[in-house]
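Have a look at the structure below before the remarks.
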Amino acid sequence: MLQDLLGALAALGSVGVVYLAMAARVVKQYERGVLFRLGRVSGDVRTPGLNLVIPFVDRLNKINMQIVTMPIPAQEGITRDNVTVRVDAVVYFRVVDPISALVKVEDYKFAVSQMAQTSLRSIIGKSDLDDLLSNREKLNQGLELMLDSPAVGWGIQVDRVEIKDVSLPDTMKRSMARQAEADRERRARIINADAELQASKKLAEAAQQMSDTPAALQLRLLQTVMAVAAEKNSTLVLPIPVELLRFLEKAPQLPAPNGERAARPG
């Protein structure tokens with residue numbers, strides 16, 4: 001009798017251990033559990049830790065609540081100014097409502113991926129090439145709004161969308177390179193012309209100052225001669241300015257040795 005009782009207790013204990021093993025579910029810190037009882041959602045979302053379910057009746061689905069980084073495959077499209085480009089991006093999203101993510105959409109990751117690709121092609125068609133290259137922040141915000149609107153109903157929150165790269169055809173790259181080179185050359189010519197204008201103004205001021213003081217011209221000439229002689233050149237070209245001839249004309253005439261006046265130069 002006692003042996004039968006011990007055997008029954010042992011069998012009951014074994015059944016209890018098996019039941020606990022089948023009923024115990026562990027939900028990790030970054031997960032949430034959604035319990036389906038006979039096909040219907042039962043109770044609230046299960047929190048991290050040990051959770052017990054009814055075997056063969058309940059089914060516990062675990063949803064990852066971490067931020068998901070999903071790359072968007074490169075999409076080829078034609079911009080508003082008729083330029084063919086390939087654009088790829090990345091979207092960051094996370095689940096905020098596990099029940100909606102399981103019940104309202106079959107595969108929320110696949111749904112977000114397809115919606116992101118469609119939205120990216122739409123953004124390409126609505127934007128100019130200059131916007132894709134230099135105004136990406138505005139395009140990222142527009143793309144994020146396009147993704148976030150339907151995702152909210154699925155229990156998904158889109159945190160950020162980033163356009164990673166914009167690939168251009170080789171012909172367009174060469175055209176842009178020629179355009180940039182021409183623009184740099186235009187700026188260089190403008191700078192040179194501005195420098196010539198400033199130099200001409202300074203030269204005009206210097207000429208005006210020297211015309212008021214003829215001796216300054218002679219001093220400047222001597223400085224030029226000294227600067228050229230310092231280079232140890234074998235040939236020295238000495239220009240004679242017209243002002244020097246005029247200065248000689250105005251000089252007083254000296255009497256000749258034979259009592260005759262010297263002839264005036266010129």
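By convention here, the chains of the structure tokens are called A, B, ... in the order presented, each chain's residues are numbered starting at 1, and ligands are numbered starting at 1 in the order presented.
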### Query
Counting only C-alpha atoms, what is within 10 Å of Pro169 (chain A), bar same-chain residues fewer than 6 positions away, as number ranges by chain?
A: 83-86
### Task
For region 129-133 of chain A, work out the shell of residues within 12 Å, counting only C-alpha atoms and skipping chain neighbours fewer than 6 positions away, then give it as a ChimeraX atom specification.
/A:77-89,120,123,139-140,162-168,172,176
### Query
How would you write, as a ChimeraX atom specification, the set of residues in region 6-135 of chain A that DSSP gives as strand (DSSP E)?
/A:24-27,31-37,40-41,49-52,58-64,68-78,84-95
Residues of region 34-125 of chain A that approach region 9-22 of chain A to 12 Å or less, counting only C-alpha atoms: could you list each one with the shortest pair of atoms and its distance in Å to one decimal, rows by chain and increasing residue number, as CSV?
residue,atom,partner,partner_atom,distance
A:Leu50,CA,A:Leu20,CA,11.2
A:Asn51,CA,A:Leu20,CA,10.5
A:Leu52,CA,A:Leu20,CA,7.9
A:Val53,CA,A:Met22,CA,8.2
A:Ile54,CA,A:Met22,CA,8.2
A:Pro55,CA,A:Met22,CA,6.1
A:Phe56,CA,A:Met22,CA,9.1
A:Val57,CA,A:Met22,CA,11.3
A:Asp58,CA,A:Met22,CA,10.8
A:Arg59,CA,A:Met22,CA,11.1
A:Leu60,CA,A:Met22,CA,11.8
